[in-house]
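Q: Starting off with a structure, shown below.
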Amino acid sequence: MSNEYTNNSFERGSRISHSYIINDEEVKQYLNNCEIPVEAEDVELNDALKHDIIYPEENTIEFIVAVDGESTTIPVKKTFPSSLITFFQFGSLLIKSADLDEMEMKPFVSPSDIKKLKEIKREKFVLPTKNVALKKDIDFRTTVREAIHEFFKKTHSGKTSILATLYWFIFEQYNPTSTKNNYKLSQCPHCGTNNIVLEKDKIDFKNYSWRCTHDKCNKEILITDVFRLFEKVDKFENADASGIITYLESVTESFFIIHTIKSLLEIQDGLVNRFLFVKDGPLSFGGETANMHKPMQALLTYLNKNNKINLIGVETSGAFVDHARQIKDKLNPGQVFLLNNEHIYTYIQVGNHKEQQYGSTSYYSGKFIYKSFDERVYVLTLPVENHITYYNQPEITDLKNIEEVLMNVDKLRCDIYENALIPVAVANKLISLTNHPSSNILERFAKKNMGR
Ligand SMILES: [Zn+2]
């Protein structure tokens with residue numbers, strides 16, 4: 001095998017057991033019938049998708065905001081039936097680009113350097129995950145919905161709640177000429193009636209909610225129900241919300257960014273242009289929340305007419321990151337490789353979806369691999385105006401302001417973790433729950449607050 005890119009002992013260890021399995025006859029036979037990604041030397045990079053990056057002479061990005069989230073699920077009752085709750089922490093870091101220039105000369109990031117990276121705020125949130133009822137006579141689905149809604153009442157970096165940002169976002173309030181006055185919800189979380197029309201003007205601003213339009217139901221529909229996470233949570237049987245944790249984490253991170261964008265637009269015209277927003281993971285909405293990619297596309301398209309929205313997604317694990325390491329030597333330093341449908345379905349997501357458009361139901365961005373001038377590889381996404389046709393024939397000009405954004409990504413490089421960026425690594429460290437002295441403290445907190 002030619003996995004020369006792995007260089008830490010953990011990965012080396014797993015590689016040894018890996019080759020042992022490959023030598024097993026039965027496994028070999030099984031693999032013969034499977035389509036698996038090819039070896040590095042067999043990957044062909046289409047030269048038309050390679051582009052040399054030239055950093056601009058001037059840097060107009062003065063600040064960087066990086067958002068990261070983490071969750072830990074713990075038992076509150078270990079005996080059967082087990083009860084679980086999940087602690088979430090989200091953080092935004094505000095970094096001055098000039099501080100990074102100072103840090104650039106040093107081999108390691110010191111604690112005093114980290115102090116220069118200011119946290120906007122850390123937000124904590126508890127989600128009942130399994131067999132937990134917070135109030136009597138309320139079904140589990142409602143308990144989960146209300147917990148999420150309650151969390152979105154926070155103001156975080158702004159003066160208004162994130163719920164207000166969600167309203168602004170889905171009804172295109174940022175655009176004075178928008179005619180968007182209703183939003184079609186997939187189904188009512190109570191009675192299941194399909195295509196409930198949520199009218200912009202009929203919202204009850206007290207709780208950012210509506211009443212179900214079905215006469216016999218008339219129950220409360222929350223604005224956060226547009227994330228559709230409730231569809232994954234049963235009302236009574238299998239009271240279990242563990243299937244929504246990842247999507248909730250990702251959608252919350254996205255909304256922390258959208259919320260900060262809104263706040264900046266309100267503070268001063270043009271201020272947002274001086275910022276770069278960094279999201280952990282790709283710029284997309286996964287699972288049940290996928291529909292959010294449409295209003296996101298609308299927001300970015302509108303704002304880009306008058307402003308410059310610098311927003312980038314950084315992937316730190318997964319098949320694309322593995323592939324990027326695999327083809328590292330096929331790119332020159334300072335080169336990007338734009339990923340198209342053909343490349344993705346031939347080498348990364350092998351299978352029978354060659355007819356499909358990559359990410360057409362969840363992405364609002366174009367994905368590419370970047371090999372920086374100091375030879376680190378990153379899997380990145382930048383917003384594109386038409387994500388559906390983008391993956392047929394990606395063009396470098398589709399990726400707005402890519403050269404300046406990459407110049408700043410390069411400044412964020414982190415020497416502590418391989419191919420990690422400072423905000424992601426530091427945010428991970430700052431908000432890490434698993435590194436907490438003891439998860440017992442959390443457990444006790446949970447029990448105390450739930451009267452167990
Ligand atoms: Zn209903």
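Chain labels follow the order of the structure tokens: the first chain is A, the next B, and so on; residue numbering restarts at 1 in every chain, and ligands are counted from 1 in their shown order.
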Using DSSP on the backbone coordinates, identify the residues of range 126-161 of chain A assigned to helix (DSSP H, G or I); present them as a list in words.
A: Phe140, Arg141, Thr142, Thr143, Val144, Arg145, Glu146, Ala147, Ile148, His149, Glu150 and Phe151 of chain A
Q: Please check which protein, DNA or RNA residues sit within 7 Å of ligand 1, counting only C-alpha atoms and all ligand atoms, and write them as a list in words.
A: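 Taking only C-alpha atoms and all ligand atoms into account, the residues around ligand 1 at most 7 Å away are Cys188, Pro189, His190, Cys191, Gly192, Thr193, Cys212, Thr213, His214, Cys217, Asn218 and Lys219 of chain A.
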Q: Write a file of the just-selected residues containing N, CA, C and O atoms, as a PDB file, in the first residue's frame.
A:
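See selection_26.pdb below for the written result:
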ATOM      1  N   CYS A 188     -46.796  19.143   9.951  1.00  0.00           N
ATOM      2  CA  CYS A 188     -47.021  19.623  11.314  1.00  0.00           C
ATOM      3  C   CYS A 188     -46.427  18.606  12.287  1.00  0.00           C
ATOM      4  O   CYS A 188     -46.650  17.411  12.151  1.00  0.00           O
ATOM      5  N   PRO A 189     -45.641  19.072  13.265  1.00  0.00           N
ATOM      6  CA  PRO A 189     -45.013  18.131  14.208  1.00  0.00           C
ATOM      7  C   PRO A 189     -46.021  17.424  15.121  1.00  0.00           C
ATOM      8  O   PRO A 189     -45.685  16.426  15.746  1.00  0.00           O
ATOM      9  N   HIS A 190     -47.251  17.936  15.176  1.00  0.00           N
ATOM     10  CA  HIS A 190     -48.277  17.325  16.037  1.00  0.00           C
ATOM     11  C   HIS A 190     -49.186  16.376  15.254  1.00  0.00           C
ATOM     12  O   HIS A 190     -49.261  15.196  15.546  1.00  0.00           O
ATOM     13  N   CYS A 191     -49.871  16.907  14.227  1.00  0.00           N
ATOM     14  CA  CYS A 191     -50.873  16.090  13.534  1.00  0.00           C
ATOM     15  C   CYS A 191     -50.338  15.479  12.242  1.00  0.00           C
ATOM     16  O   CYS A 191     -50.997  14.638  11.635  1.00  0.00           O
ATOM     17  N   GLY A 192     -49.169  15.905  11.791  1.00  0.00           N
ATOM     18  CA  GLY A 192     -48.565  15.301  10.609  1.00  0.00           C
ATOM     19  C   GLY A 192     -49.122  15.795   9.285  1.00  0.00           C
ATOM     20  O   GLY A 192     -48.734  15.306   8.223  1.00  0.00           O
ATOM     21  N   THR A 193     -50.043  16.771   9.311  1.00  0.00           N
ATOM     22  CA  THR A 193     -50.577  17.324   8.061  1.00  0.00           C
ATOM     23  C   THR A 193     -49.426  17.878   7.206  1.00  0.00           C
ATOM     24  O   THR A 193     -48.583  18.613   7.721  1.00  0.00           O
ATOM     25  N   CYS A 212     -51.051  25.541  14.020  1.00  0.00           N
ATOM     26  CA  CYS A 212     -51.273  24.647  12.884  1.00  0.00           C
ATOM     27  C   CYS A 212     -52.586  25.025  12.209  1.00  0.00           C
ATOM     28  O   CYS A 212     -53.589  25.273  12.888  1.00  0.00           O
ATOM     29  N   THR A 213     -52.564  25.092  10.876  1.00  0.00           N
ATOM     30  CA  THR A 213     -53.742  25.523  10.129  1.00  0.00           C
ATOM     31  C   THR A 213     -54.812  24.442  10.012  1.00  0.00           C
ATOM     32  O   THR A 213     -55.924  24.700   9.551  1.00  0.00           O
ATOM     33  N   HIS A 214     -54.478  23.231  10.411  1.00  0.00           N
ATOM     34  CA  HIS A 214     -55.471  22.154  10.386  1.00  0.00           C
ATOM     35  C   HIS A 214     -56.434  22.363  11.558  1.00  0.00           C
ATOM     36  O   HIS A 214     -56.001  22.405  12.713  1.00  0.00           O
ATOM     37  N   CYS A 217     -56.339  20.454  14.830  1.00  0.00           N
ATOM     38  CA  CYS A 217     -55.052  20.450  15.529  1.00  0.00           C
ATOM     39  C   CYS A 217     -54.823  21.770  16.267  1.00  0.00           C
ATOM     40  O   CYS A 217     -54.895  21.828  17.490  1.00  0.00           O
ATOM     41  N   ASN A 218     -54.567  22.839  15.483  1.00  0.00           N
ATOM     42  CA  ASN A 218     -54.408  24.181  16.040  1.00  0.00           C
ATOM     43  C   ASN A 218     -53.270  24.293  17.073  1.00  0.00           C
ATOM     44  O   ASN A 218     -53.227  25.217  17.866  1.00  0.00           O
ATOM     45  N   LYS A 219     -52.359  23.306  17.061  1.00  0.00           N
ATOM     46  CA  LYS A 219     -51.281  23.335  18.057  1.00  0.00           C
ATOM     47  C   LYS A 219     -50.110  24.207  17.592  1.00  0.00           C
ATOM     48  O   LYS A 219     -50.017  24.572  16.421  1.00  0.00           O
TER      49      LYS A 219
END
Q: For a quick check of understanding, using only C-alpha atoms, which of A:Ser186, A:Thr252, A:Ser92, A:Thr86 has the smallest distance to His149 in chain A?
A: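 Comparing A:Ser186, A:Thr252, A:Ser92, A:Thr86 against His149 in chain A, the winner is A:Thr252.
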Q: Quick one: pull the distance between CA of Ala98 in chain A and CA of Met407 in chain A, Å, one decimal.
A: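 These two atoms are separated by 13.1 Å.
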Q: I need the residue nearest Asn304 in chain A from this list: A:Phe140, A:Gly270, A:Val197, A:Gly334. Use only C-alpha atoms for the distance.
A: A:Gly270
Q: Go through A:Val132, A:Ile223, A:Lys124, A:Lys206 one by one, measure the shortest atom-to-atom distance of each to Lys184 in chain A using only C-alpha atoms, and give the residue with the smallest value.
A: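 Closest candidate: A:Ile223.
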Q: Near Phe125 in chain A, within 8 Å and counting only C-alpha atoms, which residues show up once chain neighbours fewer than 2 positions away are dropped, as an MDAnalysis selection string?
A: chainID A and resid 87:89 123 127 151
Q: Please report, as CSV, each residue of range 288-384 of chain A lying at most 9 Å from range 162-180 of chain A, together with the nearest pair of atoms and the separation in Å rounded to one decimal; use only C-alpha atoms, and order rows by chain and ascending residue number.
A:
residue,atom,partner,partner_atom,distance
A:Met292,CA,A:Ile170,CA,8.4
A:Pro295,CA,A:Ile170,CA,5.9
A:Met296,CA,A:Phe169,CA,7.7
A:Ala298,CA,A:Glu172,CA,8.0
A:Leu299,CA,A:Glu172,CA,7.2
A:Tyr302,CA,A:Asn175,CA,7.3
A:Leu303,CA,A:Tyr174,CA,8.4
Q: Compile the contact shell of Ile85 in chain A as JSON, numbers by chain: residues with an atom at most 6 Å away, counting only C-alpha atoms, same-chain residues fewer than 6 positions apart removed.
A: {"A": [73, 74, 127, 128, 129]}
Q: Show which residues sit within 6 Å of range 359-367 of chain A, as a list in words. Count only C-alpha atoms, and ignore same-chain residues fewer than 6 positions away.
A: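 Counting only C-alpha atoms, the residues come to Leu283, Ser284, Phe285, Gly286, Ala290, His293, Gln297, Leu339, Leu380, Thr381, Leu382, Pro383, Val384, His387 and Ile388 of chain A.
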Q: Please write the residues from the selection above to a file, keeping all heavy atoms, as an mmCIF file, in the first residue's frame.
A:
data_model
loop_
_atom_site.group_PDB
_atom_site.id
_atom_site.type_symbol
_atom_site.label_atom_id
_atom_site.label_comp_id
_atom_site.auth_asym_id
_atom_site.auth_seq_id
_atom_site.Cartn_x
_atom_site.Cartn_y
_atom_site.Cartn_z
ATOM 1 N N LEU A 283 -19.612 23.623 3.754
ATOM 2 C CA LEU A 283 -20.723 24.576 3.722
ATOM 3 C C LEU A 283 -21.924 23.861 3.127
ATOM 4 O O LEU A 283 -22.102 23.810 1.913
ATOM 5 C CB LEU A 283 -20.354 25.804 2.888
ATOM 6 C CG LEU A 283 -19.198 26.670 3.387
ATOM 7 C CD1 LEU A 283 -18.978 27.850 2.445
ATOM 8 C CD2 LEU A 283 -19.429 27.165 4.815
ATOM 9 N N SER A 284 -22.724 23.273 3.986
ATOM 10 C CA SER A 284 -23.898 22.524 3.534
ATOM 11 C C SER A 284 -24.819 22.334 4.725
ATOM 12 O O SER A 284 -24.451 22.611 5.864
ATOM 13 C CB SER A 284 -23.481 21.156 2.990
ATOM 14 O OG SER A 284 -22.985 20.349 4.045
ATOM 15 N N PHE A 285 -26.025 21.874 4.451
ATOM 16 C CA PHE A 285 -26.953 21.513 5.523
ATOM 17 C C PHE A 285 -27.295 20.040 5.338
ATOM 18 O O PHE A 285 -27.835 19.650 4.306
ATOM 19 C CB PHE A 285 -28.217 22.372 5.462
ATOM 20 C CG PHE A 285 -27.991 23.799 5.902
ATOM 21 C CD1 PHE A 285 -27.723 24.795 4.968
ATOM 22 C CD2 PHE A 285 -28.043 24.141 7.242
ATOM 23 C CE1 PHE A 285 -27.513 26.110 5.365
ATOM 24 C CE2 PHE A 285 -27.831 25.456 7.658
ATOM 25 C CZ PHE A 285 -27.568 26.436 6.715
ATOM 26 N N GLY A 286 -26.987 19.227 6.337
ATOM 27 C CA GLY A 286 -27.154 17.787 6.167
ATOM 28 C C GLY A 286 -28.471 17.240 6.686
ATOM 29 O O GLY A 286 -29.192 17.901 7.429
ATOM 30 N N ALA A 290 -31.486 19.784 5.347
ATOM 31 C CA ALA A 290 -30.976 20.088 3.998
ATOM 32 C C ALA A 290 -31.685 21.259 3.312
ATOM 33 O O ALA A 290 -31.046 22.044 2.618
ATOM 34 C CB ALA A 290 -31.053 18.844 3.119
ATOM 35 N N HIS A 293 -30.435 24.917 2.713
ATOM 36 C CA HIS A 293 -29.429 25.374 1.749
ATOM 37 C C HIS A 293 -30.030 26.359 0.747
ATOM 38 O O HIS A 293 -29.326 27.198 0.207
ATOM 39 C CB HIS A 293 -28.749 24.191 1.042
ATOM 40 C CG HIS A 293 -29.487 23.655 -0.133
ATOM 41 N ND1 HIS A 293 -30.459 22.676 -0.034
ATOM 42 C CD2 HIS A 293 -29.419 23.965 -1.442
ATOM 43 C CE1 HIS A 293 -30.931 22.418 -1.241
ATOM 44 N NE2 HIS A 293 -30.320 23.177 -2.105
ATOM 45 N N GLN A 297 -28.551 30.015 0.045
ATOM 46 C CA GLN A 297 -28.123 30.421 -1.290
ATOM 47 C C GLN A 297 -28.691 31.808 -1.629
ATOM 48 O O GLN A 297 -27.987 32.670 -2.137
ATOM 49 C CB GLN A 297 -28.642 29.393 -2.306
ATOM 50 C CG GLN A 297 -28.087 29.551 -3.696
ATOM 51 C CD GLN A 297 -26.857 28.691 -3.897
ATOM 52 O OE1 GLN A 297 -26.913 27.474 -3.754
ATOM 53 N NE2 GLN A 297 -25.758 29.315 -4.209
ATOM 54 N N LEU A 339 -13.029 20.069 -7.487
ATOM 55 C CA LEU A 339 -13.652 18.744 -7.589
ATOM 56 C C LEU A 339 -14.930 18.827 -8.413
ATOM 57 O O LEU A 339 -15.800 19.653 -8.139
ATOM 58 C CB LEU A 339 -13.952 18.213 -6.180
ATOM 59 C CG LEU A 339 -12.713 17.990 -5.302
ATOM 60 C CD1 LEU A 339 -13.105 17.783 -3.850
ATOM 61 C CD2 LEU A 339 -11.914 16.787 -5.807
ATOM 62 N N LEU A 380 -11.668 22.212 1.249
ATOM 63 C CA LEU A 380 -12.376 23.454 1.554
ATOM 64 C C LEU A 380 -13.612 23.618 0.681
ATOM 65 O O LEU A 380 -13.691 23.057 -0.415
ATOM 66 C CB LEU A 380 -11.426 24.634 1.314
ATOM 67 C CG LEU A 380 -10.089 24.604 2.068
ATOM 68 C CD1 LEU A 380 -9.109 25.610 1.470
ATOM 69 C CD2 LEU A 380 -10.281 24.857 3.550
ATOM 70 N N THR A 381 -14.577 24.375 1.186
ATOM 71 C CA THR A 381 -15.723 24.746 0.357
ATOM 72 C C THR A 381 -15.921 26.257 0.424
ATOM 73 O O THR A 381 -15.761 26.861 1.472
ATOM 74 C CB THR A 381 -17.042 24.070 0.811
ATOM 75 O OG1 THR A 381 -17.136 24.108 2.237
ATOM 76 C CG2 THR A 381 -17.154 22.640 0.336
ATOM 77 N N LEU A 382 -16.259 26.832 -0.721
ATOM 78 C CA LEU A 382 -16.592 28.252 -0.812
ATOM 79 C C LEU A 382 -17.971 28.359 -1.456
ATOM 80 O O LEU A 382 -18.319 27.529 -2.307
ATOM 81 C CB LEU A 382 -15.572 28.986 -1.690
ATOM 82 C CG LEU A 382 -14.263 29.457 -1.053
ATOM 83 C CD1 LEU A 382 -13.320 29.996 -2.127
ATOM 84 C CD2 LEU A 382 -14.511 30.527 0.012
ATOM 85 N N PRO A 383 -18.774 29.357 -1.063
ATOM 86 C CA PRO A 383 -20.109 29.488 -1.647
ATOM 87 C C PRO A 383 -20.042 29.665 -3.172
ATOM 88 O O PRO A 383 -19.130 30.323 -3.675
ATOM 89 C CB PRO A 383 -20.665 30.759 -1.003
ATOM 90 C CG PRO A 383 -19.835 30.987 0.206
ATOM 91 C CD PRO A 383 -18.481 30.422 -0.098
ATOM 92 N N VAL A 384 -21.003 29.066 -3.881
ATOM 93 C CA VAL A 384 -21.114 29.289 -5.323
ATOM 94 C C VAL A 384 -22.564 29.673 -5.630
ATOM 95 O O VAL A 384 -23.468 29.290 -4.900
ATOM 96 C CB VAL A 384 -20.711 28.047 -6.170
ATOM 97 C CG1 VAL A 384 -19.214 27.828 -6.124
ATOM 98 C CG2 VAL A 384 -21.454 26.793 -5.737
ATOM 99 N N HIS A 387 -24.959 25.929 -7.264
ATOM 100 C CA HIS A 387 -24.276 24.721 -6.809
ATOM 101 C C HIS A 387 -24.676 23.503 -7.635
ATOM 102 O O HIS A 387 -23.987 22.503 -7.629
ATOM 103 C CB HIS A 387 -24.576 24.477 -5.334
ATOM 104 C CG HIS A 387 -26.013 24.202 -5.066
ATOM 105 N ND1 HIS A 387 -26.957 25.192 -5.047
ATOM 106 C CD2 HIS A 387 -26.668 23.048 -4.842
ATOM 107 C CE1 HIS A 387 -28.133 24.655 -4.817
ATOM 108 N NE2 HIS A 387 -27.998 23.364 -4.679
ATOM 109 N N ILE A 388 -25.820 23.586 -8.335
ATOM 110 C CA ILE A 388 -26.269 22.393 -9.077
ATOM 111 C C ILE A 388 -25.455 22.203 -10.352
ATOM 112 O O ILE A 388 -24.999 21.110 -10.653
ATOM 113 C CB ILE A 388 -27.787 22.453 -9.351
ATOM 114 C CG1 ILE A 388 -28.518 22.417 -8.000
ATOM 115 C CG2 ILE A 388 -28.236 21.288 -10.236
ATOM 116 C CD1 ILE A 388 -30.003 22.590 -8.077
#
Q: Run DSSP on the backbone and give me the residues of range 226-280 of chain A it puts in strand (DSSP E), as a PyMOL selection string.
A: chain A and resi 275-280
Q: Could you check how far CA of Glu404 in chain A sits from CA of Asn59 in chain A, in Å to one decimal?
A: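 Interatomic distance here is 6.8 Å.
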Q: Quick one: residues within 8 Å of Leu222 in chain A, only C-alpha atoms, excluding same-chain residues fewer than 6 positions away - as a list in words?
A: Arg145, His149, Asn207, Tyr208, Ser209 and Trp210 of chain A
